[in-house]
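Chemist: Contents of data_29.cif (mmCIF, C-alpha atoms) are given next:
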data_entry
loop_
_atom_site.label_atom_id
_atom_site.label_comp_id
_atom_site.auth_asym_id
_atom_site.auth_seq_id
_atom_site.Cartn_x
_atom_site.Cartn_y
_atom_site.Cartn_z
CA MET A 421 24.90 56.06 97.77
CA GLY A 422 28.39 57.19 97.02
CA GLN A 423 30.12 55.27 99.81
CA GLN A 424 32.27 52.43 98.47
CA ILE A 425 32.70 49.16 100.31
CA TYR A 426 35.81 47.13 99.42
CA PHE A 427 36.38 43.39 99.25
CA GLU A 428 38.82 43.61 102.16
CA ASP A 429 36.10 45.20 104.34
CA VAL A 430 33.70 42.28 104.23
CA ALA A 431 33.67 39.00 106.13
CA GLU A 432 31.32 36.06 106.25
CA GLY A 433 28.51 36.59 108.74
CA MET A 434 28.67 40.39 108.52
CA ASP A 435 25.24 42.05 108.51
CA LEU A 436 24.05 44.39 105.80
CA PRO A 437 22.51 47.59 107.23
CA VAL A 438 18.77 47.31 107.83
CA GLU A 439 16.62 49.48 105.54
CA VAL A 440 12.95 50.25 105.99
CA ARG A 441 10.74 51.21 103.07
CA ASN A 442 7.15 52.37 103.00
CA PRO A 443 5.56 51.51 99.66
CA THR A 444 2.29 53.35 98.97
CA PRO A 445 -0.55 52.61 96.53
CA ARG A 446 0.86 55.54 94.54
CA GLN A 447 4.19 53.68 94.18
CA LEU A 448 2.36 50.54 93.00
CA VAL A 449 0.63 52.62 90.31
CA GLN A 450 4.00 54.13 89.34
CA TYR A 451 5.48 50.64 89.11
CA ALA A 452 2.51 49.40 87.05
CA GLY A 453 3.11 52.23 84.58
CA ALA A 454 6.89 51.82 84.43
CA SER A 455 6.83 48.03 84.11
CA GLY A 456 3.63 47.59 82.11
CA ASP A 457 2.23 45.15 84.69
CA PHE A 458 -1.35 46.38 84.98
CA TYR A 459 -2.82 43.38 86.81
CA GLU A 460 -5.62 44.96 88.87
CA ILE A 461 -4.73 43.18 92.13
CA HIS A 462 -2.00 45.84 92.52
CA TYR A 463 -4.19 48.97 92.42
CA ASP A 464 -7.92 48.13 92.43
CA ARG A 465 -9.02 47.20 95.95
CA ASN A 466 -12.45 45.90 94.88
CA PHE A 467 -10.84 43.68 92.28
CA ALA A 468 -8.17 42.44 94.71
CA GLN A 469 -10.80 41.57 97.30
CA SER A 470 -12.91 39.78 94.67
CA THR A 471 -9.97 37.36 94.19
CA GLY A 472 -9.86 36.62 97.93
CA LEU A 473 -7.05 38.99 98.90
CA LYS A 474 -7.55 41.27 101.92
CA ASP A 475 -6.24 44.31 100.02
CA ILE A 476 -4.15 45.30 97.02
CA ILE A 477 -0.72 43.63 97.12
CA ILE A 478 2.78 44.75 96.15
CA HIS A 479 4.00 43.38 92.79
CA GLY A 480 6.42 40.50 93.34
CA ALA A 481 8.67 42.10 90.74
CA LEU A 482 8.68 45.38 92.70
CA LYS A 483 9.89 43.47 95.76
CA ASN A 484 12.54 41.91 93.51
CA ALA A 485 13.53 45.45 92.45
CA MET A 486 13.65 46.59 96.11
CA LEU A 487 16.05 43.75 96.94
CA GLY A 488 18.11 44.72 93.89
CA ALA A 489 18.27 48.34 95.08
CA TYR A 490 19.12 47.18 98.61
CA VAL A 491 22.11 45.06 97.61
CA THR A 492 23.44 47.37 94.87
CA GLY A 493 23.21 50.29 97.32
CA TRP A 494 25.32 48.30 99.78
CA ALA A 495 27.82 47.24 97.08
CA GLY A 496 28.45 50.90 96.18
CA PRO A 497 29.07 52.56 92.81
CA ALA A 498 31.96 50.25 91.84
CA GLY A 499 30.21 47.09 93.03
CA GLU A 500 28.82 44.90 90.29
CA LEU A 501 25.72 42.75 90.67
CA ARG A 502 26.33 39.33 89.09
CA ARG A 503 23.32 37.38 90.33
CA LEU A 504 20.05 38.11 92.15
CA THR A 505 17.52 35.51 93.22
CA VAL A 506 14.17 36.04 94.92
CA GLN A 507 11.29 33.87 96.09
CA TYR A 508 7.78 35.12 96.78
CA ARG A 509 6.62 33.31 99.91
CA GLY A 510 4.00 35.73 101.17
CA MET A 511 1.93 38.75 100.17
CA ASP A 512 2.97 42.27 101.17
CA TYR A 513 0.65 45.25 101.33
CA PRO A 514 1.20 48.96 100.69
CA ASP A 515 0.98 51.42 103.59
CA GLU A 516 2.86 48.96 105.79
CA PRO A 517 6.60 49.20 106.45
CA ILE A 518 8.70 46.60 104.66
CA THR A 519 12.16 45.93 106.02
CA ALA A 520 15.17 44.79 104.01
CA LYS A 521 17.82 42.78 105.86
CA GLY A 522 20.74 40.61 104.92
CA HIS A 523 24.14 39.20 105.74
CA VAL A 524 27.27 38.11 103.94
CA SER A 525 27.21 34.34 103.43
CA ARG A 526 30.40 33.75 101.42
CA VAL A 527 33.52 35.69 100.43
CA TYR A 528 35.64 34.22 97.63
CA GLN A 529 37.62 34.85 94.46
CA GLU A 530 36.85 33.49 91.03
CA GLY A 531 39.37 34.30 88.31
CA SER A 532 40.12 38.00 88.73
CA ARG A 533 36.80 38.72 90.48
CA ASN A 534 36.34 39.36 94.19
CA LEU A 535 32.92 37.89 94.89
CA VAL A 536 30.58 38.18 97.84
CA ASP A 537 27.40 36.14 98.26
CA CYS A 538 24.70 37.69 100.40
CA THR A 539 21.54 36.26 101.93
CA ILE A 540 18.91 39.00 101.73
CA TRP A 541 15.22 39.25 102.46
CA LEU A 542 12.20 41.48 103.00
CA GLU A 543 10.23 41.27 106.23
CA ASN A 544 6.66 42.30 106.93
CA PRO A 545 5.66 44.15 110.14
CA GLU A 546 5.08 40.76 111.85
CA GLY A 547 8.72 39.86 111.19
CA GLN A 548 7.93 37.15 108.62
CA GLN A 549 10.35 36.75 105.71
CA THR A 550 7.88 37.17 102.86
CA THR A 551 10.57 37.59 100.22
CA PRO A 552 13.85 35.73 100.74
CA GLY A 553 16.63 35.99 98.19
CA THR A 554 20.33 35.86 97.50
CA ALA A 555 22.76 38.07 95.65
CA THR A 556 26.29 37.77 94.31
CA VAL A 557 28.25 40.98 93.89
CA ALA A 558 31.77 41.63 92.64
CA LEU A 559 33.54 44.22 94.82
CA PRO A 560 36.62 46.31 94.08
CA SER A 561 39.83 45.68 95.99
CA ARG A 562 41.78 48.32 97.92
CA GLY A 563 44.95 46.87 96.43
CA MET B 466 -11.31 24.22 91.28
CA SER B 467 -12.49 21.90 88.51
CA SER B 468 -8.99 20.61 88.04
CA ASP B 469 -9.23 17.14 89.59
CA SER B 470 -9.36 15.47 86.16
CA PHE B 471 -6.04 16.98 85.07
CA THR B 472 -2.90 14.85 84.93
CA LEU B 473 0.46 15.96 83.55
CA THR B 474 1.71 12.91 81.68
CA ASP B 475 5.36 12.17 80.84
CA GLU B 476 4.49 12.72 77.18
CA MET B 477 3.08 16.18 77.94
CA ARG B 478 6.22 17.07 79.93
CA GLU B 479 8.44 15.99 77.05
CA GLN B 480 6.41 18.04 74.57
CA THR B 481 6.57 21.09 76.82
CA ILE B 482 10.20 21.23 77.93
CA GLY B 483 12.15 23.18 75.33
CA VAL B 484 9.18 25.13 73.96
CA GLU B 485 10.29 28.70 73.19
CA SER B 486 8.43 31.99 72.91
CA GLU B 487 8.60 34.17 69.82
CA PRO B 488 11.44 36.71 70.14
CA THR B 489 10.30 40.05 71.62
CA SER B 490 12.33 43.24 71.20
CA MET B 491 12.39 46.53 73.08
CA ALA B 492 14.34 49.72 72.41
CA ILE B 493 15.88 50.92 75.68
CA GLU B 494 15.04 54.56 76.37
CA GLN B 495 16.67 56.89 78.89
CA GLY B 496 13.31 58.33 80.03
CA HIS B 497 11.89 54.86 80.59
CA ILE B 498 14.91 53.90 82.74
CA ALA B 499 14.49 57.08 84.83
CA ARG B 500 10.75 56.41 85.31
CA PHE B 501 11.44 52.81 86.29
CA ALA B 502 14.14 53.83 88.80
CA GLU B 503 11.77 56.39 90.34
CA ALA B 504 8.99 53.78 90.54
CA ILE B 505 11.17 51.29 92.42
CA GLY B 506 12.39 54.04 94.76
CA ASP B 507 16.05 53.79 93.73
CA ASP B 508 17.87 57.15 93.52
CA ASN B 509 21.17 55.64 92.28
CA PRO B 510 22.56 58.28 89.84
CA ALA B 511 23.76 55.47 87.52
CA TYR B 512 20.12 55.27 86.35
CA THR B 513 19.55 58.97 85.70
CA VAL B 514 22.82 60.74 84.88
CA GLY B 515 25.45 58.00 84.93
CA THR B 516 28.52 57.77 87.17
CA PRO B 517 32.25 57.39 86.45
CA GLU B 518 31.94 53.74 87.53
CA SER B 519 28.87 52.99 85.40
CA GLY B 520 30.37 54.68 82.34
CA GLY B 521 27.11 56.42 81.46
CA ILE B 522 23.51 55.60 82.21
CA VAL B 523 22.63 51.96 82.86
CA ALA B 524 19.32 50.22 83.59
CA PRO B 525 18.46 48.92 87.09
CA PRO B 526 18.84 45.15 87.61
CA THR B 527 15.18 44.25 87.15
CA PHE B 528 14.42 46.79 84.41
CA LEU B 529 14.01 44.01 81.83
CA ARG B 530 10.77 43.04 83.60
CA ALA B 531 9.31 45.88 81.53
CA MET B 532 9.55 43.58 78.51
CA ARG B 533 6.15 41.90 78.36
CA GLY B 534 4.71 38.89 76.59
CA ILE B 535 7.70 36.57 76.73
CA ARG B 536 5.71 33.61 78.03
CA PRO B 537 6.02 30.46 75.88
CA ILE B 538 2.66 28.89 75.07
CA LEU B 539 1.93 25.51 76.66
CA PRO B 540 1.32 22.87 73.98
CA PHE B 541 -1.72 21.52 75.89
CA GLU B 542 -4.86 22.80 77.56
CA ALA B 543 -4.74 23.06 81.34
CA PRO B 544 -7.80 23.75 83.49
CA PHE B 545 -6.18 26.47 85.60
CA THR B 546 -7.28 30.10 85.51
CA ARG B 547 -4.99 31.64 88.12
CA LEU B 548 -1.33 32.45 87.81
CA LEU B 549 1.16 33.21 90.59
CA ASP B 550 4.72 34.41 90.22
CA GLY B 551 6.93 32.18 92.39
CA GLY B 552 10.21 34.06 92.03
CA SER B 553 13.16 34.82 89.78
CA ASP B 554 16.83 34.01 89.43
CA TRP B 555 18.74 36.67 87.47
CA GLU B 556 22.26 36.43 86.10
CA TYR B 557 23.97 39.54 84.74
CA PHE B 558 26.66 39.64 82.06
CA GLU B 559 26.62 43.04 80.34
CA PRO B 560 25.11 46.43 81.23
CA VAL B 561 21.88 47.55 79.52
CA ARG B 562 22.06 51.16 78.30
CA PRO B 563 19.83 53.70 76.55
CA GLY B 564 20.03 53.13 72.81
CA ASP B 565 20.33 49.35 73.14
CA THR B 566 17.77 47.09 71.55
CA ILE B 567 17.16 44.04 73.69
CA THR B 568 15.63 40.87 72.28
CA ALA B 569 14.22 38.30 74.68
CA VAL B 570 13.30 34.66 74.17
CA GLY B 571 11.71 32.52 76.88
CA ARG B 572 12.23 28.76 77.03
CA ILE B 573 10.36 26.29 79.23
CA GLU B 574 13.04 24.52 81.26
CA ASP B 575 10.78 22.38 83.42
CA ILE B 576 7.15 21.71 84.22
CA ARG B 577 5.73 19.68 87.08
CA GLU B 578 2.53 19.03 88.94
CA ARG B 579 2.09 19.34 92.67
CA ASN B 580 -0.66 19.31 95.27
CA GLY B 581 -0.40 22.01 97.90
CA SER B 582 -2.42 24.19 100.20
CA ILE B 583 -4.11 25.88 97.24
CA GLY B 584 -5.00 22.56 95.56
CA GLN B 585 -3.52 21.14 92.40
CA MET B 586 -0.78 23.30 90.87
CA LEU B 587 1.19 23.30 87.66
CA ILE B 588 4.65 24.73 88.26
CA SER B 589 6.73 25.81 85.30
CA THR B 590 10.26 27.14 85.13
CA ILE B 591 10.97 29.51 82.25
CA LYS B 592 14.41 30.84 81.38
CA ILE B 593 14.42 34.13 79.50
CA THR B 594 17.61 35.04 77.65
CA TYR B 595 18.09 38.74 76.87
CA ARG B 596 20.48 39.71 74.08
CA ASN B 597 21.53 43.15 72.90
CA GLN B 598 21.95 44.42 69.33
CA HIS B 599 25.48 42.94 69.26
CA ASP B 600 24.01 39.49 70.01
CA ALA B 601 25.70 39.50 73.42
CA VAL B 602 23.71 37.94 76.28
CA VAL B 603 23.17 40.79 78.77
CA ALA B 604 21.16 38.81 81.32
CA THR B 605 19.10 35.73 81.92
CA GLN B 606 16.05 35.44 84.16
CA THR B 607 14.80 32.05 85.29
CA SER B 608 11.34 32.47 86.75
CA THR B 609 8.89 30.09 88.34
CA SER B 610 5.17 30.41 87.65
CA ILE B 611 2.42 28.56 89.40
CA ARG B 612 -0.90 27.90 87.68
CA TYR B 613 -3.75 26.77 89.93
#
Let's see the structure in the file written out as structure tokens.

Modeler:
Amino acid sequence: MGQQIYFEDVAEGMDLPVEVRNPTPRQLVQYAGASGDFYEIHYDRNFAQSTGLKDIIIHGALKNAMLGAYVTGWAGPAGELRRLTVQYRGMDYPDEPITAKGHVSRVYQEGSRNLVDCTIWLENPEGQQTTPGTATVALPSRG
Amino acid sequence: MSSDSFTLTDEMREQTIGVESEPTSMAIEQGHIARFAEAIGDDNPAYTVGTPESGGIVAPPTFLRAMRGIRPILPFEAPFTRLLDGGSDWEYFEPVRPGDTITAVGRIEDIRERNGSIGQMLISTIKITYRNQHDAVVATQTSTSIRY
């Protein structure tokens, strides 16, 4: 945090820095409490396995939040998130590293706004994109 | 699944598209925002103390997920017991801050039937519109849910 990226600094195709996170069952319980989503598949292993899952799974909405944190962290304190999309394609499990990656897909102006579209996603340890998404951020100009 | 007798007719689709949930309101609290930011692992100071750029404390982008029970009720019975979240598309217009009261209404935008690897599925698209106490739209979330 703290570092500001400017519109003039970005170009289409540029990579966002890779970030690795390590969600724990404790974090899933924290998220259940903070969001009010107490579906047992996120913290009760016996229950999760009774529904056919191999283990408790990370809330889709927590993965959405991780992608939000990833792109707003990149956009810096003066960056403004305008749009965030996410698709849940695969399950992710706690106690496994989850990697956020992305690149700039479009750089353009709309009215007075300097906009940047990013393609972003979360990867599991096997390198599968379990959680692809997109984001549009407005960035400040150096000028 | 005992769902092989279910068919989504054109009439059912027409009845369903446009159905809205009751409005749900939530008072936005500073402590709740801080707990949510900690839970998602985001140490951005805009969520705890505010920054010059944020002009005070704001809520993280997906904080409004903490508003529960916004699901519109289907106007027909469907023989599916399981629900999967397919994803979300958020648009942001105004910041959400402690002291705001946000009111959310969900509207069914689309519903369709599909056969996939998990059998017969009912896929619905719901757009939630979040307004603040000044009646300004702060965000919308269009989410896809899969019943199977």

Chemist: Which residues, protein or nucleic acid, reach to within 8 Å of (37.7, 49.9, 99.9) in the file's coordinates when using only C-alpha atoms, and can you give that as an mmCIF file with C-alpha atoms, in the coordinates of the input?

Modeler:
data_model
loop_
_atom_site.group_PDB
_atom_site.id
_atom_site.type_symbol
_atom_site.label_atom_id
_atom_site.label_comp_id
_atom_site.auth_asym_id
_atom_site.auth_seq_id
_atom_site.Cartn_x
_atom_site.Cartn_y
_atom_site.Cartn_z
ATOM 1 C CA GLN A 424 32.270 52.430 98.470
ATOM 2 C CA ILE A 425 32.700 49.160 100.310
ATOM 3 C CA TYR A 426 35.810 47.130 99.420
ATOM 4 C CA PHE A 427 36.380 43.390 99.250
ATOM 5 C CA GLU A 428 38.820 43.610 102.160
ATOM 6 C CA ASP A 429 36.100 45.200 104.340
ATOM 7 C CA PRO A 560 36.620 46.310 94.080
ATOM 8 C CA SER A 561 39.830 45.680 95.990
ATOM 9 C CA ARG A 562 41.780 48.320 97.920
#

Chemist: Please tabulate, as CSV, the residues of range 466-513 of chain A that come within 6 Å of range 542-555 of chain A, each with its closest pair of atoms and the distance in Å to one decimal, counting all atoms listed in the file and ordering rows by chain, then residue number upward.

Modeler:
residue,atom,partner,partner_atom,distance
A:Arg503,CA,A:Ala555,CA,5.4
A:Leu504,CA,A:Ala555,CA,4.4
A:Thr505,CA,A:Gly553,CA,5.1
A:Val506,CA,A:Gly553,CA,4.1
A:Gln507,CA,A:Thr551,CA,5.6
A:Tyr508,CA,A:Thr551,CA,5.1
A:Arg509,CA,A:Thr550,CA,5.0
A:Gly510,CA,A:Thr550,CA,4.5

Chemist: Write out, as JSON lines, each residue of chain B that has an atom at most 6 Å from chain A, together with the closest pair of atoms and their distance in Å to one decimal, counting only C-alpha atoms, rows going by chain and rising number.

Modeler:
{"residue": "B:Phe501", "atom": "CA", "partner": "A:Ala454", "partner_atom": "CA", "distance": 5.0}
{"residue": "B:Ala504", "atom": "CA", "partner": "A:Tyr451", "partner_atom": "CA", "distance": 4.9}
{"residue": "B:Glu518", "atom": "CA", "partner": "A:Ala498", "partner_atom": "CA", "distance": 5.5}
{"residue": "B:Thr527", "atom": "CA", "partner": "A:Ala485", "partner_atom": "CA", "distance": 5.7}
{"residue": "B:Ala531", "atom": "CA", "partner": "A:Ser455", "partner_atom": "CA", "distance": 4.2}
{"residue": "B:Gly551", "atom": "CA", "partner": "A:Tyr508", "partner_atom": "CA", "distance": 5.4}
{"residue": "B:Gly552", "atom": "CA", "partner": "A:Gln507", "partner_atom": "CA", "distance": 4.2}
{"residue": "B:Ser553", "atom": "CA", "partner": "A:Val506", "partner_atom": "CA", "distance": 5.4}
{"residue": "B:Asp554", "atom": "CA", "partner": "A:Thr505", "partner_atom": "CA", "distance": 4.1}
{"residue": "B:Trp555", "atom": "CA", "partner": "A:Leu504", "partner_atom": "CA", "distance": 5.1}
{"residue": "B:Glu556", "atom": "CA", "partner": "A:Arg503", "partner_atom": "CA", "distance": 4.5}
{"residue": "B:Tyr557", "atom": "CA", "partner": "A:Arg502", "partner_atom": "CA", "distance": 5.0}

Chemist: What is the CA of Ile493 in chain B-CA of Ile505 in chain B distance in Å, reported with one decimal?

Modeler: 17.4 Å

Chemist: On this structure, which residues satisfy the PyMOL selection byres ((chain B and resi 477) around 12), written as a PDB file with C-alpha atoms, in the coordinates of the input?

Modeler:
ATOM      1  CA  PHE B 471      -6.040  16.980  85.070  1.00  0.00           C
ATOM      2  CA  THR B 472      -2.900  14.850  84.930  1.00  0.00           C
ATOM      3  CA  LEU B 473       0.460  15.960  83.550  1.00  0.00           C
ATOM      4  CA  THR B 474       1.710  12.910  81.680  1.00  0.00           C
ATOM      5  CA  ASP B 475       5.360  12.170  80.840  1.00  0.00           C
ATOM      6  CA  GLU B 476       4.490  12.720  77.180  1.00  0.00           C
ATOM      7  CA  ARG B 478       6.220  17.070  79.930  1.00  0.00           C
ATOM      8  CA  GLU B 479       8.440  15.990  77.050  1.00  0.00           C
ATOM      9  CA  GLN B 480       6.410  18.040  74.570  1.00  0.00           C
ATOM     10  CA  THR B 481       6.570  21.090  76.820  1.00  0.00           C
ATOM     11  CA  ILE B 482      10.200  21.230  77.930  1.00  0.00           C
ATOM     12  CA  GLY B 483      12.150  23.180  75.330  1.00  0.00           C
ATOM     13  CA  VAL B 484       9.180  25.130  73.960  1.00  0.00           C
ATOM     14  CA  LEU B 539       1.930  25.510  76.660  1.00  0.00           C
ATOM     15  CA  PRO B 540       1.320  22.870  73.980  1.00  0.00           C
ATOM     16  CA  PHE B 541      -1.720  21.520  75.890  1.00  0.00           C
ATOM     17  CA  GLU B 542      -4.860  22.800  77.560  1.00  0.00           C
ATOM     18  CA  ALA B 543      -4.740  23.060  81.340  1.00  0.00           C
ATOM     19  CA  ASP B 575      10.780  22.380  83.420  1.00  0.00           C
ATOM     20  CA  ILE B 576       7.150  21.710  84.220  1.00  0.00           C
ATOM     21  CA  ARG B 577       5.730  19.680  87.080  1.00  0.00           C
ATOM     22  CA  GLU B 578       2.530  19.030  88.940  1.00  0.00           C
TER      23      GLU B 578
END

Chemist: Would you kindly translate the PyMOL selection byres ((chain B and resi 502) around 9) into the concrete residues it picks from this file, as a PyMOL selection string?

Modeler: (chain A and resi 454) or (chain B and resi 497-501+503-509+512-513+524-525+528)

Chemist: Enter the distance from CA of Ser490 in chain B to CA of Arg536 in chain B, in Å, rounded to one decimal.

Modeler: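 We find that CA of Ser490 in chain B and CA of Arg536 in chain B lie 13.5 Å from each other.
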